[in-house]
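A short write-up of the structure that comes next.
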Amino acid sequence: MSDNLRLSIVGAIYLVSAVLFILGLKRLTRVRTARAGNAMAAMSMLLAVVGTLIEIGSVDYRWIVGGLALGGAIGAFIAIRVPMTSMPEMVALLNGTGGAASALVALSVLWGAFIEPGAETTTAKLLTGPSAVTIGLSVFIGGITTTGSLIAWAKLQGKLKKGAPILLPGRHALNLLLVLGAIAAIVVFTAVVKGATPVAVVILVVLAIALVLGVTLTIPIGGADMPVVVSLLNSYSGIAAAMAGFVIGNNLLIIGGAAVGAAGIILTQLMCVAMNRSLVNVLVGGFGADAGSGGGGSSEYVGVTSSGAAEAAMILDVADSVMIVPGYGLAVAQAQHTVRELTKQLEARGKKVSYAIHPVAGRMPGHMNVLLAEADVPYEQLVELEHANPEMGNTDVAIVVGANDVVNPAALDDPTSPIYGMPIISVHEARTVFVIKRSLSPGYAGIKNPLFEAERTMMVFGDAKAILQEMSSELGEL
Amino acid sequence: MIGPFLIGLYVFVLASFVGFEIINKVPPTLHTPLMSGANAISGITILGAIAAATVAEPNVSTILAAVAILCATINVVGGFLVTDRMLAMFGKKK
């Protein structure tokens with residue numbers, strides 16, 4: 001086969017692959033077609049890899065096969081083993097591997113084309129200017145994605161100060177300095193230094209700055225803002241892939257990367273809207289770190305009513321409609337199956353049960369939906385915030401399971417509250433509210449929740465899973 | 001004459017628009033699978049990694065590329081499989 005023919009075939013394969021990626025992504029946005037869309041994107045990836053294997057022709061395959069086999073085994077192993085409750089961590093980690101891969105590709109190209117042959121010019125001269133700049137950008141964005149994702153993963157695991165914000169003194173100045181330093185280093189890398197060794201040193205400086213920035217940008221952001229961070233990192237990993245596409249001159253990487261970058265930005269935007277905060281406000285971080293002092297009156301609770309599971313079961317027994325509002329606490333207690341059991345009990349007694357899902361409940365976009373789907377909760381039972389709130393006034397019992405800030409009425413009526421203006425699920429309008437919670441400790445925003453001392457509210461203290469189980473069995477005995 | 005970089009830039013800008021257009025309305029239930037599926041697609045960088053790991057000698061560029069293949073494959077295989085696992089759960093009711 002002539003080289004020309006071969007490259008035409010490869011070009012055609014990449015084109016088909018690009019179309020399948022776009023169609024797959026589109027199908028991923030509709031419930032009915034999502035699974036087929038994902039399969040389509042996966043097929044497209046396989047096709048693209050085959051295309052690349054044809055493109056490189058007959059080479060030494062040892063590294064390629066080794067990397068594919070080992071990576072495939074690790075990827076499959078973790079994908080099959082990971083529990084649904086750990087999905088946010090999993091997504092964060094995968095973002096990191098994507099970012100790292102893009103940075104490594106750029107470094108590898110630089111070493112192969114410039115440093116190992118012992119070039120003596122500037123990178124802009126040998127590799128052409130744009131290509132040299134994109135190596136720098138690829139390393140920079142990929143590097144930030146790598147360590148940023150690792151920090152996000154550690155925070156989600158609760159390994160890093162239980163996910164609380166970590167505020168370095170002068171962090172804004174530090175971050176600004178690092179960004180400016182990286183831009184300067186990329187310019188120097190592209191057009192100033194000549195010869196293999198100085199170029200290698202400068203790109204490693206870019207890499208080092210990026211790795212540090214990934215850490216310093218992510219540590220001030222608290223656990224409950226993780227949905228924003230995870231989707232933003234998702235976007236970065238796409239942009240890093242697109243940059244790598246510029247480096248190697250492959251439009252398929254640019255198309256795939258750009259589409260993913262756009263998807264990540266849309267999700268990021270959705271999450272910010274759901275919290276009524278700007279992206280800058282989230283990224284600046286430290287939200288809720290000055291707990292207690294920030295508005296909303298004293299943090300002492302007065303007139304809190306608490307009840308046990310048995311009493312709650314009796315009230316549930318005479319209710320007609322029940323709305324369950326899950327939060328991150330549901331994931332922590334792994335209570336998704338237990339809550340489903342309680343739902344079944346209630347339904348068996350002819351009650352109308354639905355779940356009200358706040359867009360930022362949990363630690364990643366759609367976290368609650370995934371958890372509840374794992375427990376076989378029918379999709380139709382999940383109600384979005386804007387549809388749940390009008391129903392709330394006619395709801396007999398609202399059960400808040402491990403959620404706090406997303407049901408805090410201070411967001412509606414206390415302009416001094418840091419969360420004022422954030423859309424909430426108005427459980428306080430239900431006739432009776434049970435809040436299942438370990439203690440009266442504040443949620444992520446670090447502020448008092450007037451819901452807990454409202455007349456209609458009963459606190460049920462304890463582990464969500466244990467309480468829900470008890471409610472189910474008490475209800476069964478009535 | 002339009003150079004390859006400029007063509008790449010055209011592709012980048014237009015693909016971003018396509019991305020924004022096709023994902024503009026997505027139900028909350030699909031937020032996580034969309035994210036993990038999109039994430040797997042960002043593993044497309046695997047193509048660059050493969051193209052850079054074509055010689056046997058373990059020099060720096062090859063080792064970097066091999067590690068890149070490893071990372072990208074974890075991203076691709078892990079991402080698509082885990083997305084499928086989640087979507088299978090969404091599909092099994094009724």
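Scheme for the structure tokens: letters A, B, ... for chains in order shown; per-chain residue numbers from 1; ligand numbers from 1 in order shown.
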
### Who sits within 9 Å of Gly98 of chain A, only C-alpha atoms, same chain under 5 positions skipped, as JSON, numbers by chain
{"A": [93, 103, 142, 145, 146, 234, 237, 238, 240, 241], "B": [39, 40, 42, 43, 44, 45, 46, 68, 71, 72, 73, 74, 75, 76]}

Serialized selection, N, CA and C atoms, as a short mmCIF file (atom, residue, chain, number, x, y, z; two decimals), in the first residue's frame:
```cif
data_model
loop_
_atom_site.label_atom_id
_atom_site.label_comp_id
_atom_site.auth_asym_id
_atom_site.auth_seq_id
_atom_site.Cartn_x
_atom_site.Cartn_y
_atom_site.Cartn_z
N LEU A 93 -9.97 11.37 39.75
CA LEU A 93 -8.73 10.68 39.41
C LEU A 93 -8.56 10.54 37.90
N ALA A 103 0.09 16.32 29.12
CA ALA A 103 1.36 16.98 29.43
C ALA A 103 2.54 16.08 29.00
N GLY A 142 -2.01 20.69 31.36
CA GLY A 142 -1.98 19.29 31.80
C GLY A 142 -1.44 19.15 33.22
N THR A 145 -4.02 20.32 35.75
CA THR A 145 -5.08 19.32 35.85
C THR A 145 -4.65 18.13 36.71
N THR A 146 -3.38 17.73 36.54
CA THR A 146 -2.89 16.56 37.26
C THR A 146 -2.93 16.76 38.77
N ASN A 234 -12.48 18.79 34.58
CA ASN A 234 -12.90 18.02 33.41
C ASN A 234 -12.68 18.86 32.15
N SER A 237 -8.99 19.13 31.35
CA SER A 237 -8.39 17.94 30.75
C SER A 237 -8.71 17.89 29.26
N GLY A 238 -9.90 18.39 28.88
CA GLY A 238 -10.23 18.49 27.47
C GLY A 238 -9.36 19.49 26.74
N ALA A 240 -6.43 20.53 27.61
CA ALA A 240 -5.06 20.00 27.54
C ALA A 240 -4.94 19.04 26.36
N ALA A 241 -5.96 18.20 26.15
CA ALA A 241 -5.93 17.26 25.02
C ALA A 241 -5.93 18.02 23.71
N ASN B 39 -15.02 12.91 29.97
CA ASN B 39 -13.68 12.71 30.51
C ASN B 39 -12.94 11.60 29.76
N ALA B 40 -13.65 10.53 29.47
CA ALA B 40 -13.03 9.43 28.72
C ALA B 40 -12.63 9.91 27.33
N SER B 42 -11.63 12.82 26.58
CA SER B 42 -10.40 13.63 26.66
C SER B 42 -9.16 12.74 26.65
N GLY B 43 -9.35 11.45 26.86
CA GLY B 43 -8.24 10.50 26.73
C GLY B 43 -7.82 10.29 25.28
N ILE B 44 -8.43 11.02 24.36
CA ILE B 44 -8.06 10.97 22.94
C ILE B 44 -6.58 11.30 22.74
N THR B 45 -6.02 11.95 23.74
CA THR B 45 -4.59 12.27 23.70
C THR B 45 -3.75 11.00 23.57
N ILE B 46 -4.39 9.85 23.80
CA ILE B 46 -3.73 8.55 23.63
C ILE B 46 -3.13 8.41 22.22
N ALA B 68 2.62 8.13 29.13
CA ALA B 68 1.43 8.82 28.61
C ALA B 68 0.39 7.81 28.11
N CYS B 71 -1.32 6.33 31.21
CA CYS B 71 -2.30 7.25 31.83
C CYS B 71 -3.53 7.40 30.95
N ALA B 72 -3.30 7.60 29.64
CA ALA B 72 -4.42 7.84 28.75
C ALA B 72 -5.32 6.60 28.65
N THR B 73 -4.71 5.42 28.67
CA THR B 73 -5.53 4.20 28.58
C THR B 73 -6.37 4.01 29.83
N ILE B 74 -5.77 4.31 30.99
CA ILE B 74 -6.57 4.24 32.23
C ILE B 74 -7.76 5.17 32.10
N ASN B 75 -7.50 6.38 31.61
CA ASN B 75 -8.54 7.38 31.45
C ASN B 75 -9.64 6.90 30.50
N VAL B 76 -9.22 6.35 29.36
CA VAL B 76 -10.19 5.94 28.34
C VAL B 76 -11.00 4.72 28.80
#
```

### Message
Select, as a count of residues only, those residues of chain A with any atom no more than 6 Å from chain B (distances computed using only C-alpha atoms).
### Response
39

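Every protein or nucleic acid residue with an atom no more than 12 Å from Ser278 of chain A, counting only C-alpha atoms and leaving out same-chain residues fewer than 6 positions away, appears here: Asp225, Val228, Thr268, Gln269, Leu270, Met271, Cys272, Val284, Gly285 and Met422 of chain A.
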
Preceding selection exported with C-alpha atoms as a PDB file, in the first residue's frame:
```pdb
ATOM      1  CA  ASP A 225     -17.713  23.330  46.118  1.00  0.00           C
ATOM      2  CA  VAL A 228     -17.609  23.036  40.441  1.00  0.00           C
ATOM      3  CA  THR A 268     -19.304  24.282  35.731  1.00  0.00           C
ATOM      4  CA  GLN A 269     -21.702  27.068  34.845  1.00  0.00           C
ATOM      5  CA  LEU A 270     -24.750  24.992  35.848  1.00  0.00           C
ATOM      6  CA  MET A 271     -23.198  24.261  39.238  1.00  0.00           C
ATOM      7  CA  CYS A 272     -22.369  27.912  39.857  1.00  0.00           C
ATOM      8  CA  VAL A 284     -11.145  32.280  45.108  1.00  0.00           C
ATOM      9  CA  GLY A 285     -12.109  29.714  47.690  1.00  0.00           C
ATOM     10  CA  MET A 422     -28.868  30.542  46.569  1.00  0.00           C
TER      11      MET A 422
END
```

#### Entry: Among the residues A:Leu160, A:Met314, A:Ile425, A:Ala466, the one that comes closest to Asn408 of chain A [using only C-alpha atoms]
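Closest to Asn408 of chain A of all the choices is A:Ile425.
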
### Task
Report the residues of segment 292-362 of chain A whose backbone DSSP state falls under helix (DSSP H, G or I), written as a list in words.
Ala309, Ala310, Glu311, Ala312, Ala313, Met314, Ile315, Leu316, Asp317, Tyr328, Gly329, Leu330, Ala331, Val332, Gln336, His337, Thr338, Val339, Arg340, Glu341, Leu342, Thr343, Lys344, Gln345, Leu346, Glu347 and Ala348 of chain A

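Counting from atom CA of Val229 of chain A, the distance to atom CA of Leu283 of chain A is 8.0 Å.
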
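Between atom CA of Ala164 of chain A and atom CA of Ile419 of chain A there is a distance of 17.2 Å.
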
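Remark: for Ala113 of chain A, the closest of the candidate residues A:Ile467, A:Ala132, A:Ala69, A:Ala42 is A:Ala132 (distances computed over only C-alpha atoms).
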